[in-house]
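**Student:** Dropping in entry-v1.tsv, which is TSV, C-alpha atoms (C1' of nucleotides):
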```tsv
chain	number	residue	atom	x	y	z
A	1	MET	CA	86.87	62.86	84.19
A	2	ALA	CA	87.76	59.33	83.20
A	3	LEU	CA	85.25	56.77	84.37
A	4	GLN	CA	87.83	54.64	86.09
A	5	ARG	CA	88.52	57.48	88.51
A	6	GLU	CA	84.90	58.40	89.03
A	7	ILE	CA	83.96	55.00	90.34
A	8	LYS	CA	87.30	54.40	92.09
A	9	LYS	CA	87.85	51.35	90.01
A	10	ARG	CA	91.15	49.68	90.90
A	11	ARG	CA	91.90	47.71	87.82
A	12	PRO	CA	91.59	48.98	84.27
A	13	PHE	CA	88.66	47.85	82.21
A	14	ASP	CA	88.65	44.33	80.87
A	15	SER	CA	87.93	45.53	77.34
A	16	PRO	CA	87.20	48.70	75.41
A	17	GLN	CA	83.72	47.30	74.87
A	18	GLN	CA	83.17	47.17	78.62
A	19	GLU	CA	84.52	50.65	79.08
A	20	ALA	CA	82.24	52.07	76.40
A	21	ILE	CA	79.16	50.37	77.83
A	22	LEU	CA	79.87	51.48	81.38
A	23	ASN	CA	80.32	55.01	80.08
A	24	ILE	CA	76.93	54.88	78.44
A	25	LEU	CA	75.22	53.56	81.55
A	26	ARG	CA	76.96	56.05	83.80
A	27	THR	CA	76.20	59.07	81.64
A	28	SER	CA	72.58	58.07	81.31
A	29	ASP	CA	72.21	57.68	85.07
A	30	GLN	CA	73.68	61.07	85.79
A	31	TYR	CA	71.51	62.79	83.23
A	32	GLN	CA	68.41	61.09	84.54
A	33	VAL	CA	69.07	62.49	87.98
A	34	ARG	CA	68.96	66.01	86.58
A	35	PHE	CA	65.77	65.49	84.62
A	36	THR	CA	64.11	63.82	87.56
A	37	ARG	CA	64.84	66.86	89.72
A	38	LEU	CA	63.44	69.28	87.17
A	39	PHE	CA	60.25	67.29	86.65
A	40	ARG	CA	59.76	66.82	90.35
A	41	SER	CA	59.59	70.58	90.82
A	42	TYR	CA	56.55	70.51	88.52
A	43	GLY	CA	54.94	67.60	90.33
A	44	LEU	CA	55.91	65.03	87.72
A	45	THR	CA	58.25	62.09	87.53
A	46	LEU	CA	60.37	61.37	84.48
A	47	SER	CA	58.08	58.51	83.38
A	48	GLN	CA	55.00	60.61	83.86
A	49	TYR	CA	56.45	63.45	81.81
A	50	ASN	CA	57.24	61.02	79.03
A	51	VAL	CA	53.64	59.90	78.85
A	52	LEU	CA	52.37	63.47	78.70
A	53	ARG	CA	54.93	64.40	76.06
A	54	ILE	CA	53.88	61.51	73.86
A	55	LEU	CA	50.23	62.50	74.16
A	56	ARG	CA	50.98	66.09	73.29
A	57	GLY	CA	53.07	64.99	70.32
A	58	GLU	CA	50.24	62.88	69.00
A	59	GLY	CA	47.64	65.57	69.52
A	60	ARG	CA	44.81	63.17	70.32
A	61	PRO	CA	43.94	60.52	72.93
A	62	LEU	CA	45.84	57.27	72.58
A	63	PRO	CA	45.10	53.70	73.67
A	64	ILE	CA	46.96	52.88	76.82
A	65	LEU	CA	49.02	50.09	75.29
A	66	GLU	CA	50.04	52.35	72.44
A	67	ILE	CA	51.52	54.68	75.02
A	68	ALA	CA	53.34	51.82	76.69
A	69	SER	CA	54.86	50.76	73.38
A	70	ARG	CA	56.37	54.20	72.87
A	71	THR	CA	58.01	54.32	76.25
A	72	ILE	CA	60.31	51.89	77.96
A	73	THR	CA	57.39	51.11	80.24
A	74	VAL	CA	56.35	47.50	80.24
A	75	VAL	CA	52.66	46.72	79.83
A	76	PRO	CA	51.69	46.05	83.45
A	77	GLY	CA	53.49	49.14	84.65
A	78	ILE	CA	51.55	51.53	82.46
A	79	THR	CA	48.31	50.97	84.38
A	80	GLY	CA	49.60	52.36	87.66
A	81	LEU	CA	51.42	55.14	85.86
A	82	VAL	CA	48.22	56.30	84.20
A	83	ASN	CA	46.31	55.86	87.46
A	84	ARG	CA	48.62	58.28	89.22
A	85	LEU	CA	48.46	60.75	86.34
A	86	GLU	CA	44.68	60.54	86.47
A	87	GLU	CA	44.57	61.08	90.23
A	88	ALA	CA	46.82	64.12	89.79
A	89	GLY	CA	44.44	65.51	87.16
A	90	PHE	CA	46.79	65.33	84.19
A	91	VAL	CA	44.91	62.81	82.05
A	92	ARG	CA	41.45	61.40	81.50
A	93	ARG	CA	40.48	57.80	80.74
A	94	GLU	CA	37.75	57.11	78.20
A	95	ARG	CA	36.41	53.74	77.12
A	96	CYS	CA	36.31	53.34	73.38
A	97	GLN	CA	32.80	52.72	72.08
A	98	GLU	CA	33.64	50.66	68.99
A	99	ASP	CA	35.94	48.29	70.87
A	100	ARG	CA	35.13	48.26	74.53
A	101	ARG	CA	38.38	46.59	75.47
A	102	VAL	CA	40.26	49.74	74.56
A	103	VAL	CA	40.90	52.61	76.98
A	104	ARG	CA	41.99	55.88	75.48
A	105	ILE	CA	44.02	58.41	77.45
A	106	GLY	CA	43.68	62.13	76.83
A	107	LEU	CA	45.40	65.21	78.22
A	108	THR	CA	43.67	67.73	80.46
A	109	ALA	CA	44.13	71.49	80.26
A	110	LYS	CA	46.27	71.27	83.38
A	111	ALA	CA	48.63	68.90	81.61
A	112	ARG	CA	48.96	71.16	78.56
A	113	LYS	CA	49.75	74.09	80.80
A	114	THR	CA	52.38	72.17	82.75
A	115	LEU	CA	53.98	70.89	79.56
A	116	ALA	CA	54.15	74.37	78.12
A	117	ALA	CA	55.73	75.69	81.29
A	118	LEU	CA	58.35	72.97	81.11
A	119	ASP	CA	59.45	73.59	77.53
A	120	GLU	CA	61.92	76.33	78.21
A	121	PRO	CA	63.55	75.01	81.41
A	122	LEU	CA	63.88	71.68	79.69
A	123	ASP	CA	65.63	73.13	76.69
A	124	GLU	CA	67.95	75.00	79.02
A	125	LEU	CA	68.76	71.82	80.89
A	126	HIS	CA	69.60	70.05	77.64
A	127	LYS	CA	72.01	72.81	76.80
A	128	ALA	CA	73.49	72.93	80.29
A	129	LEU	CA	74.16	69.21	80.19
A	130	ILE	CA	75.57	68.81	76.73
A	131	GLY	CA	75.73	72.27	75.22
A	132	HIS	CA	79.50	72.34	75.50
A	133	LEU	CA	79.80	69.76	72.74
A	134	SER	CA	80.06	71.13	69.23
A	135	ARG	CA	77.56	70.35	66.51
A	136	ALA	CA	80.02	67.98	64.93
A	137	GLU	CA	80.63	66.19	68.22
A	138	LEU	CA	76.92	65.81	68.84
A	139	LYS	CA	76.42	64.41	65.39
A	140	THR	CA	79.21	61.90	65.85
A	141	LEU	CA	77.87	60.90	69.25
A	142	ILE	CA	74.38	60.39	67.87
A	143	GLN	CA	75.67	58.30	64.99
A	144	LEU	CA	77.79	56.12	67.25
A	145	LEU	CA	74.92	55.51	69.65
A	146	GLU	CA	72.58	54.62	66.81
A	147	LYS	CA	75.16	52.20	65.53
A	148	ALA	CA	75.59	50.85	69.06
A	149	ARG	CA	71.87	50.06	69.21
A	150	GLY	CA	71.99	48.40	65.81
A	151	PRO	CA	71.96	44.76	66.91
A	152	LEU	CA	69.12	45.48	69.31
A	153	SER	CA	66.69	47.07	66.87
A	154	GLU	CA	66.97	44.09	64.59
A	155	ALA	CA	66.68	41.51	67.36
A	156	GLU	CA	63.28	42.74	68.39
B	1	MET	CA	67.87	52.77	63.32
B	2	ALA	CA	67.33	56.46	63.90
B	3	LEU	CA	65.79	57.22	67.24
B	4	GLN	CA	62.96	59.23	65.79
B	5	ARG	CA	61.67	56.11	64.08
B	6	GLU	CA	62.21	53.82	67.02
B	7	ILE	CA	59.94	55.77	69.29
B	8	LYS	CA	57.50	56.75	66.54
B	9	LYS	CA	58.18	60.37	67.19
B	10	ARG	CA	56.16	62.58	64.91
B	11	ARG	CA	58.10	65.77	64.92
B	12	PRO	CA	61.87	66.04	64.61
B	13	PHE	CA	63.90	66.78	67.69
B	14	ASP	CA	63.85	70.28	69.10
B	15	SER	CA	67.64	70.46	69.17
B	16	PRO	CA	70.69	68.32	68.49
B	17	GLN	CA	71.33	68.44	72.22
B	18	GLN	CA	67.97	66.85	72.89
B	19	GLU	CA	68.56	64.22	70.25
B	20	ALA	CA	71.93	63.30	71.69
B	21	ILE	CA	70.61	63.04	75.23
B	22	LEU	CA	67.63	60.92	74.24
B	23	ASN	CA	70.00	58.64	72.34
B	24	ILE	CA	72.10	58.19	75.46
B	25	LEU	CA	69.09	57.41	77.63
B	26	ARG	CA	67.61	55.05	75.09
B	27	THR	CA	70.81	53.13	74.50
B	28	SER	CA	71.42	52.78	78.20
B	29	ASP	CA	67.93	51.45	78.80
B	30	GLN	CA	68.22	48.84	76.09
B	31	TYR	CA	71.59	47.66	77.31
B	32	GLN	CA	70.35	47.42	80.86
B	33	VAL	CA	67.58	45.10	79.78
B	34	ARG	CA	70.15	42.67	78.40
B	35	PHE	CA	72.36	42.74	81.47
B	36	THR	CA	69.37	42.34	83.74
B	37	ARG	CA	68.35	39.19	81.91
B	38	LEU	CA	71.83	37.67	82.13
B	39	PHE	CA	72.17	38.42	85.83
B	40	ARG	CA	68.72	37.13	86.59
B	41	SER	CA	69.65	33.72	85.21
B	42	TYR	CA	72.30	33.61	87.94
B	43	GLY	CA	69.91	34.74	90.67
B	44	LEU	CA	71.18	38.31	90.74
B	45	THR	CA	69.87	41.72	89.81
B	46	LEU	CA	72.00	44.31	88.09
B	47	SER	CA	72.43	46.32	91.28
B	48	GLN	CA	73.32	43.24	93.26
B	49	TYR	CA	75.93	42.22	90.73
B	50	ASN	CA	77.46	45.67	90.92
B	51	VAL	CA	77.91	45.37	94.66
B	52	LEU	CA	79.56	41.97	94.35
B	53	ARG	CA	81.83	43.18	91.56
B	54	ILE	CA	83.00	46.11	93.65
B	55	LEU	CA	83.77	43.84	96.58
B	56	ARG	CA	85.72	41.45	94.40
B	57	GLY	CA	87.65	44.32	92.87
B	58	GLU	CA	88.61	45.60	96.27
B	59	GLY	CA	89.64	42.19	97.55
B	60	ARG	CA	88.55	42.86	101.13
B	61	PRO	CA	85.36	43.69	103.07
B	62	LEU	CA	84.17	47.26	102.66
B	63	PRO	CA	82.02	49.54	104.82
B	64	ILE	CA	78.49	49.63	103.53
B	65	LEU	CA	78.52	53.35	102.77
B	66	GLU	CA	81.75	52.99	100.84
B	67	ILE	CA	79.93	50.52	98.61
B	68	ALA	CA	77.04	52.91	98.17
B	69	SER	CA	79.41	55.69	97.13
B	70	ARG	CA	80.80	53.56	94.33
B	71	THR	CA	77.44	52.67	92.88
B	72	ILE	CA	74.56	54.82	91.80
B	73	THR	CA	72.74	53.51	94.84
B	74	VAL	CA	71.69	56.19	97.25
B	75	VAL	CA	72.43	55.69	100.93
B	76	PRO	CA	69.05	54.46	102.17
B	77	GLY	CA	68.76	51.98	99.32
B	78	ILE	CA	71.97	50.17	100.10
B	79	THR	CA	70.62	48.70	103.31
B	80	GLY	CA	67.89	46.67	101.67
B	81	LEU	CA	70.18	45.73	98.82
B	82	VAL	CA	72.72	44.25	101.21
B	83	ASN	CA	69.95	42.62	103.23
B	84	ARG	CA	68.77	40.72	100.19
B	85	LEU	CA	72.31	39.76	99.24
B	86	GLU	CA	72.84	38.50	102.78
B	87	GLU	CA	69.61	36.50	102.76
B	88	ALA	CA	70.65	34.93	99.46
B	89	GLY	CA	74.00	33.94	100.98
B	90	PHE	CA	76.23	36.15	98.81
B	91	VAL	CA	77.65	38.45	101.49
B	92	ARG	CA	78.30	38.59	105.23
B	93	ARG	CA	77.88	41.57	107.54
B	94	GLU	CA	80.45	42.15	110.23
B	95	ARG	CA	80.50	44.91	112.81
B	96	CYS	CA	83.80	46.69	112.94
B	97	GLN	CA	85.42	46.40	116.37
B	98	GLU	CA	87.33	49.70	116.40
B	99	ASP	CA	84.34	51.76	115.30
B	100	ARG	CA	81.13	50.01	116.07
B	101	ARG	CA	79.07	52.30	113.87
B	102	VAL	CA	80.69	50.73	110.83
B	103	VAL	CA	79.37	47.59	109.16
B	104	ARG	CA	81.73	45.83	106.79
B	105	ILE	CA	80.44	43.68	103.97
B	106	GLY	CA	82.42	40.66	102.76
B	107	LEU	CA	81.92	38.15	99.96
B	108	THR	CA	81.08	34.51	100.59
B	109	ALA	CA	82.52	31.59	98.64
B	110	LYS	CA	79.20	31.30	96.86
B	111	ALA	CA	79.53	34.86	95.62
B	112	ARG	CA	83.06	34.32	94.32
B	113	LYS	CA	81.91	31.25	92.46
B	114	THR	CA	78.96	33.02	90.89
B	115	LEU	CA	81.11	35.98	89.88
B	116	ALA	CA	83.66	33.70	88.25
B	117	ALA	CA	80.92	31.88	86.37
B	118	LEU	CA	79.63	35.19	85.07
B	119	ASP	CA	82.91	36.51	83.73
B	120	GLU	CA	82.82	34.83	80.37
B	121	PRO	CA	79.11	35.24	79.52
B	122	LEU	CA	79.43	38.87	80.53
B	123	ASP	CA	82.37	39.49	78.26
B	124	GLU	CA	80.47	37.81	75.44
B	125	LEU	CA	77.48	40.03	76.06
B	126	HIS	CA	79.65	43.13	75.92
B	127	LYS	CA	80.96	42.03	72.58
B	128	ALA	CA	77.54	41.06	71.28
B	129	LEU	CA	76.16	44.46	72.19
B	130	ILE	CA	78.92	46.72	70.98
B	131	GLY	CA	81.52	44.47	69.37
B	132	HIS	CA	80.58	45.67	65.91
B	133	LEU	CA	82.14	49.07	66.62
B	134	SER	CA	85.78	49.42	65.74
B	135	ARG	CA	88.46	50.28	68.26
B	136	ALA	CA	88.60	53.80	66.92
B	137	GLU	CA	84.83	54.19	67.19
B	138	LEU	CA	84.83	52.91	70.75
B	139	LYS	CA	87.56	55.31	71.68
B	140	THR	CA	85.70	58.23	70.17
B	141	LEU	CA	82.49	57.21	71.89
B	142	ILE	CA	84.22	56.95	75.26
B	143	GLN	CA	85.85	60.33	74.85
B	144	LEU	CA	82.61	62.02	73.85
B	145	LEU	CA	80.73	60.52	76.79
B	146	GLU	CA	83.43	61.58	79.22
B	147	LYS	CA	83.24	65.06	77.80
B	148	ALA	CA	79.46	64.92	78.04
B	149	ARG	CA	79.72	64.18	81.76
B	150	GLY	CA	82.21	66.98	82.24
B	151	PRO	CA	79.90	69.59	83.79
B	152	LEU	CA	78.50	66.98	86.16
B	153	SER	CA	81.77	65.75	87.65
B	154	GLU	CA	82.71	69.32	88.52
B	155	ALA	CA	79.32	70.18	89.93
B	156	GLU	CA	79.64	67.54	92.60
C	1	DT	C1'	26.75	29.26	66.00
C	2	DC	C1'	29.68	28.84	69.36
C	3	DA	C1'	34.06	27.20	71.47
C	4	DG	C1'	38.76	28.49	71.56
C	5	DA	C1'	42.28	31.82	70.54
C	6	DA	C1'	43.72	36.50	70.52
C	7	DT	C1'	43.69	41.24	72.24
C	8	DA	C1'	43.41	45.06	75.80
C	9	DG	C1'	44.05	45.97	80.07
C	10	DT	C1'	44.34	45.17	85.36
C	11	DT	C1'	46.06	43.05	89.67
C	12	DG	C1'	49.55	41.42	92.85
C	13	DA	C1'	54.19	40.59	94.28
C	14	DC	C1'	58.99	41.91	94.49
C	15	DG	C1'	63.32	44.66	93.87
C	16	DC	C1'	65.24	49.13	93.38
C	17	DG	C1'	65.92	54.54	93.53
C	18	DT	C1'	64.82	58.51	96.24
C	19	DA	C1'	63.67	61.48	100.21
C	20	DA	C1'	62.82	62.44	105.13
C	21	DA	C1'	63.37	61.16	109.63
C	22	DG	C1'	65.20	58.25	113.35
C	23	DT	C1'	68.95	55.41	116.06
C	24	DT	C1'	73.36	54.19	117.60
C	25	DT	C1'	78.03	55.24	118.14
C	26	DC	C1'	82.02	58.19	118.05
C	27	DT	C1'	84.26	62.83	118.45
C	28	DT	C1'	84.99	67.33	119.93
C	29	DC	C1'	85.27	71.13	122.69
C	30	DG	C1'	84.08	74.11	126.50
D	1	DC	C1'	83.63	65.30	132.18
D	2	DG	C1'	79.64	65.93	129.75
D	3	DA	C1'	76.74	67.94	126.23
D	4	DA	C1'	76.50	69.07	121.28
D	5	DG	C1'	77.45	67.71	116.89
D	6	DA	C1'	78.94	64.50	113.38
D	7	DA	C1'	79.11	59.96	111.23
D	8	DA	C1'	77.25	55.44	109.91
D	9	DC	C1'	73.74	53.31	109.16
D	10	DT	C1'	68.38	51.86	109.37
D	11	DT	C1'	63.44	52.65	108.83
D	12	DT	C1'	59.47	54.14	106.38
D	13	DA	C1'	57.01	55.68	102.44
D	14	DC	C1'	56.23	56.19	97.55
D	15	DG	C1'	56.91	55.68	92.46
D	16	DC	C1'	58.41	52.71	88.98
D	17	DG	C1'	60.16	48.37	86.14
D	18	DT	C1'	59.37	43.51	85.73
D	19	DC	C1'	57.05	39.05	85.81
D	20	DA	C1'	53.12	35.92	86.28
D	21	DA	C1'	48.47	35.40	86.41
D	22	DC	C1'	43.79	37.06	85.73
D	23	DT	C1'	39.37	39.47	83.62
D	24	DA	C1'	36.76	41.31	79.91
D	25	DT	C1'	35.93	41.79	75.17
D	26	DT	C1'	36.44	40.60	70.37
D	27	DC	C1'	37.71	37.65	66.58
D	28	DT	C1'	38.05	33.19	64.04
D	29	DG	C1'	37.05	29.09	62.09
D	30	DA	C1'	35.07	24.44	62.18
```
Kindly present the structure from the file in structure tokens form.
**Tutor:**
Amino acid sequence: MALQREIKKRRPFDSPQQEAILNILRTSDQYQVRFTRLFRSYGLTLSQYNVLRILRGEGRPLPILEIASRTITVVPGITGLVNRLEEAGFVRRERCQEDRRVVRIGLTAKARKTLAALDEPLDELHKALIGHLSRAELKTLIQLLEKARGPLSEAE
Amino acid sequence: MALQREIKKRRPFDSPQQEAILNILRTSDQYQVRFTRLFRSYGLTLSQYNVLRILRGEGRPLPILEIASRTITVVPGITGLVNRLEEAGFVRRERCQEDRRVVRIGLTAKARKTLAALDEPLDELHKALIGHLSRAELKTLIQLLEKARGPLSEAE
DNA sequence: TCAGAATAGTTGACGCGTAAAGTTTCTTCG
DNA sequence: CGAAGAAACTTTACGCGTCAACTATTCTGA
């Protein structure tokens, strides 16, 4: 459905740029709702899952700020996020011996099990959400979004 | 830049569907950061601006739940959002006389002034973010995103 | 060597999204 | 007419993103 209808917008968009951006924001929001629901049924939030996924991908404990830099999470927010993951038994904190400022975060067996259990439902959700687009469409979409982020990657 | 690099992902994506979805989420997040900054310099958050924009578009006071239905904001969240807008002097609450359950929200002069002041910087930001895509590219992007939301509009 | 800068992380405050439960005000129907 | 249900919010509780300020540890250079 066209975005203008979805949000009951009266007037047309001011510019194609605005319309494209609002479409990106809207689509992202709706997808996030779905992922949030799935993760919640496994006792995780979307942010928490992201942290666990990064740790599994790396295969070894990571400094807490390194985790923050790979997520959208801003530095101060990562502390509480890791605290809640630790309380829930998904990660362990360990002080680094060489540099005692550093805190490394490692996965527990419980976390690995939960991640493994999520792999298939997650893949199914991906396909349910966007599986009706062809390979070529997906490729085009990916390329356009990468191009859309272009000015931002350089700026930082 | 390709997403895999941006987030220092070690392994390639599990599926093109996953890659496309992560690109959508990532792009949306980065854009939101920019809008948030702009709005903040005018004393508004992104959510607050959205409420004001809807009210201006409608041209008359709207029931509070009608506003919620046009934003991503879930019902309970709208109350606090409007409270803060009211405290900041951007909107007025008025009890409807015919149906006293209904609370209508109207813009103040201050809000209209702030919205007008934001129009140009906002348009510039849109163009700065995505102005380097051609008309044809924007059109394709919009179409693909609308198609991507297809299953979701029906589901609701 | 040792004072100041840099780095790693935490704390506190605030706004927002989400869910569950409660309140007030219609509406409906027996 | 009066009780049950629906509608329109509000309240409370929790997790998270963001900013500013703070602590602890390490590095650097005069």
**Student:** Counting all atoms listed in the file, what is within 12 Å of DT28 of chain C, bar same-chain residues fewer than 4 positions away, as a ChimeraX atom specification?
**Tutor:** /D:2-6
**Student:** Using Å and a single decimal, report how far atom CA of Phe39 of chain A sits from atom CA of Thr79 of chain B.
**Tutor:**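 Spanning atom CA of Thr79 of chain B to atom CA of Phe39 of chain A is a straight-line distance of 27.0 Å.
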**Student:** Name all residues at most 9 Å from segment 12-16 of chain B (count all atoms listed in the file; drop same-chain ones fewer than 3 positions away) and give them as a list in words.
**Tutor:**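 So the residues in contact are Asp123, His126, Arg135, Leu138, Lys139 and Ile142 of chain A; Gln4, Lys9, Glu19, Ala20 and Ile21 of chain B.
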**Student:** Give me the residues of chain B that have any atom at most 12 Å from an atom of chain C; for each, the nearest atom pair and the distance in Å, rounded to one decimal. Use only C-alpha atoms (C1' of nucleotides), sort by chain and number, and format it as a tab-separated table.
**Tutor:**
```
residue	atom	partner	partner_atom	distance
B:Arg40	CA	C:DG15	C1'	11.8
B:Leu44	CA	C:DG15	C1'	10.6
B:Thr45	CA	C:DG15	C1'	8.2
B:Leu46	CA	C:DC16	C1'	9.8
B:Ser47	CA	C:DC16	C1'	8.0
B:Gln48	CA	C:DC16	C1'	10.0
B:Thr71	CA	C:DG17	C1'	11.7
B:Ile72	CA	C:DG17	C1'	8.8
B:Thr73	CA	C:DG17	C1'	7.0
B:Val74	CA	C:DG17	C1'	7.1
B:Val75	CA	C:DT18	C1'	9.4
B:Pro76	CA	C:DT18	C1'	8.3
B:Gly77	CA	C:DG17	C1'	6.9
B:Ile78	CA	C:DC16	C1'	9.6
B:Thr79	CA	C:DC16	C1'	11.3
B:Gly80	CA	C:DC16	C1'	9.0
B:Leu81	CA	C:DC16	C1'	8.1
B:Val82	CA	C:DC16	C1'	11.9
B:Asn83	CA	C:DG15	C1'	11.7
B:Arg84	CA	C:DG15	C1'	9.2
B:Leu85	CA	C:DG15	C1'	11.6
B:Arg95	CA	C:DT25	C1'	11.9
B:Cys96	CA	C:DT25	C1'	11.6
B:Gln97	CA	C:DT25	C1'	11.7
B:Glu98	CA	C:DC26	C1'	10.1
B:Asp99	CA	C:DC26	C1'	7.4
B:Arg100	CA	C:DT25	C1'	6.4
B:Arg101	CA	C:DT25	C1'	5.3
B:Val102	CA	C:DT25	C1'	9.0
B:Val103	CA	C:DT25	C1'	11.9
```
**Student:** Using all atoms listed in the file, which chain B residues lie at most 6 Å away from chain A, written as a PyMOL selection string?
**Tutor:** chain B and resi 7+17-18+20+24-25+28+70+126+130+142+148
**Student:** Enumerate as JSON, numbers by chain the residues belonging to chain D that approach chain A to within 10 Å, with all atoms listed in the file taken into account.
**Tutor:** {"D": [15, 16, 17, 18, 19, 24, 25, 26]}
**Student:** With C-alpha atoms (C1' of nucleotides) retained, export the selected residues as a PDB file, in the frame of the given file.
**Tutor:**
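Result file follows (out.pdb):
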```pdb
ATOM      1  C1'  DG D  15      56.910  55.680  92.460  1.00  0.00           C
ATOM      2  C1'  DC D  16      58.410  52.710  88.980  1.00  0.00           C
ATOM      3  C1'  DG D  17      60.160  48.370  86.140  1.00  0.00           C
ATOM      4  C1'  DT D  18      59.370  43.510  85.730  1.00  0.00           C
ATOM      5  C1'  DC D  19      57.050  39.050  85.810  1.00  0.00           C
ATOM      6  C1'  DA D  24      36.760  41.310  79.910  1.00  0.00           C
ATOM      7  C1'  DT D  25      35.930  41.790  75.170  1.00  0.00           C
ATOM      8  C1'  DT D  26      36.440  40.600  70.370  1.00  0.00           C
TER       9       DT D  26
END
```
**Student:** Quick check, in Å to one decimal: how far apart do atom CA of Arg56 of chain B and atom CA of Ala68 of chain B lie?
**Tutor:**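 Taking atom CA of Arg56 of chain B as the start and atom CA of Ala68 of chain B as the end point, the length is 14.9 Å.
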**Student:** Calculate how many Å separate atom CA of Arg53 of chain B from atom CA of Glu66 of chain B, rounding to one decimal.
**Tutor:**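 We find that atom CA of Arg53 of chain B and atom CA of Glu66 of chain B lie 13.5 Å from each other.
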**Student:** Of the candidates B:Ile105, B:Ala111, B:Ile64, B:Val33, which one gets nearest to DT10 of chain D if we count only C-alpha atoms (C1' of nucleotides)?
**Tutor:** B:Ile64
**Student:** Around all the atoms of segment 18-24 of chain D listed in the file, with 6 Å of room on each side, what axis-aligned box do you get, giving centre and edge lengths in Å to one decimal, as AutoDock Vina command-line options?
**Tutor:**
```
--center_x 48.1 --center_y 39.5 --center_z 83.2 --size_x 34.6 --size_y 20.1 --size_z 18.5
```
